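Let me begin by presenting the structure, written as structure tokens, before commenting on it.
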Amino acid sequence: MSELATAAERALALAADAGADEAEAWCERSVSRQIRVYDGRVESLSDAGSRGLGLRVFCGARSGYAYGTDLTDAGLAALAHAAVGAARVADEDEYAGLPDECGTTPVEGLFSPAVREWTTERKVELALQIERAARAHAGVTQVEDVVYADSEGEVALANTRGFSAAYEASAAWAYVSAFAGEGADLMTGLGVGLARDPGGLDPVAIGDEGAERALALRGARQPKSRHCPVVLDAFVAASFLGFIGGMLSAEAVQRGRSLFAGREGEEIAWSGLRLADDATDPGGLESAPFDGEGSPSRRTVLIEDGRLATYLFDARTARKAGRRTTGSAGRSSYRTPPSVSTKNLVLDPGDAPLEELLRRAGDGLYVTDVAGLHSGVNPVSGTFSVGATGRLIEDGELGRPVREITIASDLVSMLQSVQAVGSETRWVPFGGSVKAAPLLLGEMAVSGA
């Protein structure tokens, strides 16, 4: 048994000694590294580690939570008394408690030893390669930000119903912000890569993407206002899907904070749209064998052929709704108790490449970036009005770059106006962990000059 698993089991025994009826211990360790380069040199380099345990206890219908970094018996005993003390003064919650269903789902490829085998020098060189690739493009005037980062860690979870399991995971990612143009006409482009280890990243592709996205916007001007077809690129589609995924949380629904409340079984999107939350996809960086409270991970279909299939539930929200958990309890770290969250949102691809989506749009707008999404969307009504940047679509092909525009609609109307999903999907770290593709929308209000 690992050190973390031993600490989790010991914490349960001490919680019982302190007076808890039931308990759950989440113990983790992690190491993260970040390298930032600028103008061919390392600007900053960090290497940080953490280790700690979060203890959730139940005393009747009351629950308490405490966390700390001291994994000695004395430290764990202090946590147990703190958690039990918090439970005794908490309000009763008839739905609180450990999950009725505990277990694991095998998920291959979560950890790559290469993330620690690569030397710092090799990782620095990878970041410098990204910068060189971006700067090599004629017309790129600056490469402002190049970051390489990775993480590795282990999680152990145990509860007083006999569940005990652990897993290791790793991740590596990098991004670049490239600029094209000068002064007021300066435009930016982002290149991103995600993998389990640095060897899975293509530094030239990341640098090229950032440069090409910036160069595509050179000379952007504000267009006239219009109603027209809109194509969202994968980055923008991922941002919207991440926001929608958050509103499909049963917790948001039960609190009256979701426009999708009471709409299970209804047609909320185009009939060809299928969206799932999948914690078992090896390519998703949020995949794991179990969720934040020990329920087995699974794939949960949220929107199936345009109809709202279900919400995401943890143990508490499932009991309140008279349902089963969907294995959707998440944790940001040992410092927080579990709560409903998405894992990896996965949009099923269509059969049309981007060129076909543009052709079908005819004359419209290709959106490559939006600003202010989380502040610009009303979670209850779903209405939104957000700033956007992109290119006009003219006679079915990409045309002039545009900026200082606003796109407005509501999320259900937007989902129902989808006419096609692109065939090329990619993992995007916007709105969580999202596997997205470009989307063709039949019409949207575009405000410009």
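In the structure tokens, chains take letters A, B, ... by order of appearance, with residues numbered from 1 within each chain and ligands from 1 in the order shown.
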Worksheet item: Taking the backbone alone, and naming residues the way the document does, which bits of region 68-245 of chain A are strand (DSSP E or B) by DSSP, as a PyMOL selection string?
Response: chain A and resi 68+140-159+164-180+187-195+221+226-232
Item to complete: Within 9 Å of Phe179 (chain A), counting only C-alpha atoms, which residues show up once you throw out same-chain ones fewer than 5 positions away? Write them as a list in words, please.
Response: Gly139, Val140, Thr141, Gln142, Val143, Glu144, Leu186, Met187, Thr188, Gly189, Gly210, Ala211, Ala214 and Leu215 of chain A
Worksheet item: Between A:Pro223, A:Gly372, A:Gly54, A:Gly85, which is the closest to Glu404 (chain A) once you count only C-alpha atoms?
Response: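 That would be A:Pro223, the residue with the smallest distance to Glu404 (chain A).
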Worksheet entry | All helix (DSSP H, G or I) positions in region 317-362 of chain A, as number ranges by chain | A: 317-321, 354-361
Practice prompt. Tell me which protein, DNA and RNA residues are within 12 Å of Gly200 (chain A), counting only C-alpha atoms, leaving out same-chain ones fewer than 2 positions away, and put them as JSON, numbers by chain.
Written response: {"A": [112, 114, 115, 118, 126, 150, 170, 171, 172, 173, 174, 193, 194, 195, 196, 197, 198, 202, 203, 205, 206, 283]}
Give me, as CSV, the closest atom pair and its distance (Å, one decimal) for every residue of region 167-233 of chain A within a cut-off of 9 Å of region 347-364 of chain A, counting only C-alpha atoms, rows sorted by chain and rising number.
```
residue,atom,partner,partner_atom,distance
A:Arg226,CA,A:Gly364,CA,8.9
A:His227,CA,A:Gly364,CA,8.3
A:Cys228,CA,A:Gly364,CA,5.1
A:Pro229,CA,A:Gly364,CA,4.8
A:Val230,CA,A:Gly364,CA,5.7
A:Val231,CA,A:Leu358,CA,7.1
A:Asp233,CA,A:Leu354,CA,8.7
```
Item to complete: For Ala261 (chain A), please output as a VMD selection string all residues within 10 Å (counting only C-alpha atoms; exclusion window: fewer than 2 positions along the same chain).
Response: chain A and resid 247 to 250 252 to 259 263 to 264 311 380
Worksheet, complete the sentence: note - CA of Val301 (chain A) and CA of Pro106 (chain A) are separated by 19.1 Å
Practice prompt. Give me, please, the distance in Å between CA of Tyr65 (chain A) and CA of Arg161 (chain A), quoted to one decimal.
Written response: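 Between CA of Tyr65 (chain A) and CA of Arg161 (chain A) the gap works out to 17.8 Å.
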Worksheet entry | Contacts of Glu101 (chain A) within 12 Å, only C-alpha atoms, excl. fewer than 2 positions in-chain, as a list in words | Gly97, Leu98, Pro99, Gly103, Thr104, Asn159, Arg161, Gly162, Phe163, Phe290, Asp291, Glu293, Gly294, Ser295, Pro296, Ser297, Asp314, Ala315, Ala318, Arg319, Arg323, Arg324, Thr325, Thr326 and Gly327 of chain A
Worksheet entry | Atomic distance CA of Lys224 (chain A) - CA of Gly448 (chain A), expressed in Å with one decimal |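 So the answer is 4.9 Å.
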Item to complete: Could you give me, as a VMD selection string, the residues within 12 Å of Ile244 (chain A), counting only C-alpha atoms and dropping anything in the same chain fewer than 2 positions from it?
Response: chain A and resid 237 to 242 246 to 249 252 257 to 260 268 to 269 275 to 277 302 to 303 308 311 to 312 341 to 342 345 373 to 374 377 to 380 382 410 to 412 414 to 415 431 to 432 434
Discussion item. Residues near Ala96 (chain A), anyone? I mean within 8 Å using only C-alpha atoms, not counting same-chain ones fewer than 3 positions away, as number ranges by chain.
Written reply: A: 61-63, 93, 315-316
Output file for the selection above: C-alpha atoms, as a PDB file, in the first residue's frame:
```
ATOM      1  CA  ALA A  61     -27.291  14.038   8.559  1.00  0.00           C
ATOM      2  CA  ARG A  62     -24.561  16.619   9.163  1.00  0.00           C
ATOM      3  CA  SER A  63     -21.232  16.795   7.350  1.00  0.00           C
ATOM      4  CA  ASP A  93     -28.880  17.662   5.035  1.00  0.00           C
ATOM      5  CA  ALA A 315     -24.176  11.228  -4.807  1.00  0.00           C
ATOM      6  CA  ARG A 316     -25.967  14.095  -3.058  1.00  0.00           C
TER       7      ARG A 316
END
```
